[in-house]
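**Q** Take this structure, written in structure tokens, and hold onto it; I'll ask about it next.
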Amino acid sequence: MTEESSVDFRRPAPLREGEVVLLRQREGLSYLVPLAAKPTAIEGIGVVDLGPVIGRDPGTMLPWAGASFRVLRPSLADLLGHLRRRAQIVTPKDAMYLLYLAGVGPGARVAEAGSGSGALTIVLAHAVGPDGRVVSFDRRADFLANARHNVAAAGFADRVEFLERDVQASGLDGGPFDAAILDLPEPWSVVPSARANVRAGGRVATYTPTYNQLERTVRAFRSERFEEIRSVELLERALHVGEGGTRPDFDMLGHTGFLTGARRME
């Protein structure tokens with residue numbers, strides 16, 4: 001740390017009132033709650049007073065009702081692990097690569113269609129940071145309500161705007177966006193409006209479960225004169241690690257969807 005700087009980057013910022021924290025009792029048992037200076041009702045625990053940990057460092061211990069909880073800042077994996085699901089979600093292996101294909105980073109303004117359960121919305125909100133913005137479209141009000149709940153529970157409500165709109169029929173709106181991600185049954189129908197709403201040089205990424213959907217999507221990208229078109233499939237296989245006996249697991253996370261990225265050029 002230099003004399004000109006008063007910030008010690010080696011120490012995390014203290015826990016502040018209003019932020020979302022993870023109460024971890026043990027592996028596999030944790031709770032995601034907003035930090036408040038008043039008693040908070042937590043399902044499965046009861047009423048907990050979190051006030052004493054405000055201003056403390058992440059990782060501090062909170063004894064309560066004969067149990068001990070470690071208070072942590074949640075990781076993205078924690079946020080997704082506590083998601084309330086109503087629709088099939090984009091898996092983490094695919095979500096991370098969609099960010100890469102769409103070029104999403106801090107400060108970006110991103111369109112998402114559709115919202116689903118909000119898993120990909122949370123990944124996008126995490127990626128764009130406090131200075132970015134996610135506009136998430138879905139034609140179903142019940143999906144929007146659930147996604148809005150999950151995004152708020154993750155602490156990202158101020159980064160996301162939800163709009164009820166059938167973009168397959170009416171197209172995207174509200175551009176220009178830096179990027180767009182399409183997780184829809186017919187993403188090819190949205191490609192023309194994506195071109196009209198994404199900045200020159202911006203990227204569009206799609207998630208399609210079947211070969212027919214993939215072919216029609218890539219055909220639409222070519223027709224709309226997108227460039228740098230790339231399609232991939234990601235397979236995930238865990239490793240069983242032991243002393244002198246490491247091997248791949250017998251099961252793997254195989255096909256989930258095909259990922260395509262394309263760049264809008266003039």
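A note on labels: chains of the structure tokens are A, B, ... as shown, every chain counts residues from 1, and ligands are counted from 1 in their shown order.
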For the structure I just gave you, how does DSSP split stretch 193-255 of chain A - specifically, which residues are strand (DSSP E or B)? Reply as a list in words.

**A**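 Going through stretch 193-255 of chain A, the strand (DSSP E or B) residues come out as Val198, Arg199, Ala200, Gly201, Gly202, Arg203, Val204, Ala205, Thr206, Tyr207, Thr208, Phe226, Glu227, Glu228, Ile229, Arg230, Ser231, Val232, Glu236, Leu239, His240, Arg247, Pro248 and Leu253 of chain A.
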
**Q** Find the residues near stretch 95-103 of chain A: any atom within 8 Å, counting only C-alpha atoms, skip ones fewer than 2 places away on the same chain, and give them as a VMD selection string.

**A** chain A and resid 90 to 93 105 120 123 to 124 179 to 181 202 to 206 259 to 262

**Q** Using only C-alpha atoms, please write the residues we just selected to a file, as a PDB file, in the first residue's frame.

**A**
ATOM      1  CA  VAL A  90     -28.863 -22.829 -17.954  1.00  0.00           C
ATOM      2  CA  THR A  91     -26.125 -24.840 -16.230  1.00  0.00           C
ATOM      3  CA  PRO A  92     -23.027 -23.054 -14.880  1.00  0.00           C
ATOM      4  CA  LYS A  93     -20.768 -24.652 -17.509  1.00  0.00           C
ATOM      5  CA  GLY A 105     -18.116  -7.630 -18.662  1.00  0.00           C
ATOM      6  CA  LEU A 120     -28.655 -16.723 -16.136  1.00  0.00           C
ATOM      7  CA  VAL A 123     -24.875 -14.643 -13.723  1.00  0.00           C
ATOM      8  CA  LEU A 124     -25.276 -11.616 -16.014  1.00  0.00           C
ATOM      9  CA  ALA A 179     -24.751  -7.634 -25.960  1.00  0.00           C
ATOM     10  CA  ALA A 180     -27.803  -9.879 -26.080  1.00  0.00           C
ATOM     11  CA  ILE A 181     -28.328 -13.463 -24.948  1.00  0.00           C
ATOM     12  CA  GLY A 202     -21.499  -6.002 -30.018  1.00  0.00           C
ATOM     13  CA  ARG A 203     -22.209  -9.699 -29.710  1.00  0.00           C
ATOM     14  CA  VAL A 204     -25.246 -11.951 -29.545  1.00  0.00           C
ATOM     15  CA  ALA A 205     -25.148 -15.414 -27.949  1.00  0.00           C
ATOM     16  CA  THR A 206     -27.806 -18.126 -28.126  1.00  0.00           C
ATOM     17  CA  LEU A 259     -23.986 -22.389 -27.644  1.00  0.00           C
ATOM     18  CA  THR A 260     -23.536 -19.944 -30.495  1.00  0.00           C
ATOM     19  CA  GLY A 261     -21.954 -16.516 -30.549  1.00  0.00           C
ATOM     20  CA  ALA A 262     -21.970 -13.950 -33.356  1.00  0.00           C
TER      21      ALA A 262
END

**Q** How many Å separate atom CA of A:Arg16 from atom CA of A:Thr40?

**A**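 Between atom CA of A:Arg16 and atom CA of A:Thr40 the gap is 15.3 Å.
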
**Q** Mind checking which residues fall within 10 Å of stretch 56-63 of chain A, counting only C-alpha atoms, ignoring those fewer than 2 positions away in the same chain, and posting them as a PyMOL selection string?

**A** chain A and resi 11-16+21-25+48-50+52-54+65-74

**Q** Emit the selected residues as a short mmCIF file (atom, residue, chain, number, x, y, z; two decimals), in the first residue's frame, including N, CA and C atoms.

**A**
data_model
loop_
_atom_site.label_atom_id
_atom_site.label_comp_id
_atom_site.auth_asym_id
_atom_site.auth_seq_id
_atom_site.Cartn_x
_atom_site.Cartn_y
_atom_site.Cartn_z
N ARG A 11 -7.40 -6.52 2.91
CA ARG A 11 -8.48 -6.77 3.87
C ARG A 11 -9.83 -6.57 3.19
N PRO A 12 -10.76 -7.52 3.34
CA PRO A 12 -12.07 -7.35 2.70
C PRO A 12 -12.87 -6.24 3.36
N ALA A 13 -13.77 -5.67 2.60
CA ALA A 13 -14.65 -4.63 3.16
C ALA A 13 -15.53 -5.25 4.24
N PRO A 14 -15.78 -4.53 5.31
CA PRO A 14 -16.63 -5.08 6.38
C PRO A 14 -18.06 -5.30 5.89
N LEU A 15 -18.74 -6.21 6.54
CA LEU A 15 -20.12 -6.50 6.21
C LEU A 15 -20.98 -5.27 6.49
N ARG A 16 -21.87 -4.95 5.56
CA ARG A 16 -22.68 -3.75 5.71
C ARG A 16 -24.17 -4.09 5.69
N VAL A 21 -25.97 -11.92 2.65
CA VAL A 21 -24.89 -12.72 3.22
C VAL A 21 -25.30 -14.19 3.25
N LEU A 22 -24.30 -15.04 3.40
CA LEU A 22 -24.51 -16.48 3.51
C LEU A 22 -24.24 -16.90 4.94
N LEU A 23 -25.24 -17.49 5.59
CA LEU A 23 -25.05 -18.09 6.91
C LEU A 23 -24.77 -19.56 6.70
N ARG A 24 -23.54 -19.96 6.93
CA ARG A 24 -23.13 -21.35 6.68
C ARG A 24 -22.96 -22.07 8.00
N GLN A 25 -23.81 -23.09 8.22
CA GLN A 25 -23.71 -23.87 9.44
C GLN A 25 -22.71 -25.01 9.26
N VAL A 48 -33.40 -14.73 13.93
CA VAL A 48 -31.98 -14.55 14.24
C VAL A 48 -31.66 -13.06 14.24
N ASP A 49 -30.90 -12.62 15.22
CA ASP A 49 -30.45 -11.24 15.28
C ASP A 49 -29.07 -11.15 14.61
N LEU A 50 -29.03 -10.54 13.43
CA LEU A 50 -27.78 -10.43 12.68
C LEU A 50 -27.06 -9.11 12.95
N PRO A 52 -25.24 -7.94 15.37
CA PRO A 52 -23.87 -7.93 15.88
C PRO A 52 -22.78 -8.13 14.83
N VAL A 53 -23.12 -8.67 13.65
CA VAL A 53 -22.07 -8.92 12.66
C VAL A 53 -21.90 -7.75 11.68
N ILE A 54 -22.78 -6.77 11.73
CA ILE A 54 -22.63 -5.59 10.87
C ILE A 54 -21.35 -4.85 11.24
N ALA A 65 -28.72 -19.77 19.33
CA ALA A 65 -29.60 -20.86 19.75
C ALA A 65 -28.89 -22.20 19.77
N GLY A 66 -27.69 -22.22 20.31
CA GLY A 66 -26.94 -23.46 20.44
C GLY A 66 -26.21 -23.88 19.19
N ALA A 67 -26.29 -23.12 18.13
CA ALA A 67 -25.58 -23.44 16.89
C ALA A 67 -24.64 -22.29 16.54
N SER A 68 -23.71 -22.55 15.64
CA SER A 68 -22.78 -21.52 15.19
C SER A 68 -22.84 -21.41 13.68
N PHE A 69 -22.86 -20.17 13.20
CA PHE A 69 -22.93 -19.91 11.77
C PHE A 69 -21.75 -19.02 11.38
N ARG A 70 -21.12 -19.35 10.27
CA ARG A 70 -20.09 -18.48 9.71
C ARG A 70 -20.76 -17.56 8.70
N VAL A 71 -20.55 -16.26 8.86
CA VAL A 71 -21.20 -15.27 8.00
C VAL A 71 -20.25 -14.91 6.87
N LEU A 72 -20.64 -15.20 5.65
CA LEU A 72 -19.78 -15.03 4.48
C LEU A 72 -20.45 -14.16 3.44
N ARG A 73 -19.64 -13.55 2.58
CA ARG A 73 -20.18 -12.97 1.35
C ARG A 73 -20.38 -14.11 0.37
N PRO A 74 -21.57 -14.26 -0.18
CA PRO A 74 -21.82 -15.41 -1.06
C PRO A 74 -21.07 -15.30 -2.38
#

**Q** Ranking A:Asp249, A:Arg139, A:Gly118, A:Leu76 by minimum distance to A:Ala152 and counting only C-alpha atoms, which one comes first?

**A**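 Ranking A:Asp249, A:Arg139, A:Gly118, A:Leu76 by distance to A:Ala152, first place goes to A:Gly118.
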
**Q** At a cut-off of 10 Å, using only C-alpha atoms, what residues contact A:Asp166? Leave out same-chain residues fewer than 6 positions from it and give the result as an MDAnalysis selection string.

**A** chainID A and resid 113:114 137:140 172

**Q** Rounded to one decimal, what separation in Å do you get between atom CA of A:Asn150 and atom CA of A:Glu17?

**A**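 Result for atom CA of A:Asn150 versus atom CA of A:Glu17: 19.5 Å, one decimal.
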
**Q** Find, counting only C-alpha atoms, the residue in A:Gly201, A:Gly244, A:Gly257, A:Gly81 that gets nearest to A:Leu184.

**A**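 Ranking A:Gly201, A:Gly244, A:Gly257, A:Gly81 by distance to A:Leu184, first place goes to A:Gly257.
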
**Q** Taking only stretch 52-200 of chain A into account, list the residues labelled helix (DSSP H, G or I) by DSSP (computed from the backbone), as a PyMOL selection string.

**A** chain A and resi 52-53+76-81+92-102+119-128+141-153+157-159+167-170+187-189+191-197

**Q** List as a ChimeraX atom specification the protein and nucleic acid residues near A:His126, meaning an atom at most 10 Å away when only C-alpha atoms are counted, but skip any in the same chain fewer than 6 places from it.

**A** /A:75-76,79,105-106,120,132,134,154-156,159

**Q** Can you write out the residues you just picked, keeping N, CA and C atoms, as an mmCIF file, in the first residue's frame?

**A**
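The result, written out as again-v3.cif:
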data_model
loop_
_atom_site.group_PDB
_atom_site.id
_atom_site.type_symbol
_atom_site.label_atom_id
_atom_site.label_comp_id
_atom_site.auth_asym_id
_atom_site.auth_seq_id
_atom_site.Cartn_x
_atom_site.Cartn_y
_atom_site.Cartn_z
ATOM 1 N N SER A 75 -20.597 -16.438 -2.854
ATOM 2 C CA SER A 75 -20.027 -16.519 -4.194
ATOM 3 C C SER A 75 -21.162 -16.693 -5.193
ATOM 4 N N LEU A 76 -20.825 -16.615 -6.470
ATOM 5 C CA LEU A 76 -21.840 -16.842 -7.501
ATOM 6 C C LEU A 76 -22.410 -18.245 -7.374
ATOM 7 N N LEU A 79 -25.062 -18.245 -4.737
ATOM 8 C CA LEU A 79 -26.295 -17.600 -5.186
ATOM 9 C C LEU A 79 -27.115 -18.546 -6.060
ATOM 10 N N GLY A 105 -19.057 -7.988 -19.713
ATOM 11 C CA GLY A 105 -18.116 -7.630 -18.662
ATOM 12 C C GLY A 105 -18.634 -6.475 -17.833
ATOM 13 N N PRO A 106 -17.818 -5.978 -16.902
ATOM 14 C CA PRO A 106 -18.240 -4.889 -16.021
ATOM 15 C C PRO A 106 -18.704 -3.662 -16.802
ATOM 16 N N LEU A 120 -29.546 -17.438 -15.232
ATOM 17 C CA LEU A 120 -28.655 -16.723 -16.136
ATOM 18 C C LEU A 120 -28.705 -15.221 -15.858
ATOM 19 N N GLY A 132 -23.260 -1.767 -14.406
ATOM 20 C CA GLY A 132 -23.897 -2.335 -15.591
ATOM 21 C C GLY A 132 -25.397 -2.469 -15.419
ATOM 22 N N VAL A 134 -28.855 -5.111 -16.729
ATOM 23 C CA VAL A 134 -29.437 -6.238 -17.446
ATOM 24 C C VAL A 134 -30.918 -5.958 -17.658
ATOM 25 N N ALA A 154 -30.662 -12.586 -4.418
ATOM 26 C CA ALA A 154 -29.218 -12.583 -4.660
ATOM 27 C C ALA A 154 -28.600 -11.208 -4.428
ATOM 28 N N GLY A 155 -29.425 -10.193 -4.231
ATOM 29 C CA GLY A 155 -28.921 -8.850 -3.969
ATOM 30 C C GLY A 155 -28.660 -8.021 -5.205
ATOM 31 N N PHE A 156 -29.244 -8.412 -6.352
ATOM 32 C CA PHE A 156 -28.958 -7.736 -7.614
ATOM 33 C C PHE A 156 -30.163 -7.004 -8.194
ATOM 34 N N ARG A 159 -29.709 -3.955 -10.394
ATOM 35 C CA ARG A 159 -28.970 -4.095 -11.657
ATOM 36 C C ARG A 159 -29.826 -4.663 -12.784
#
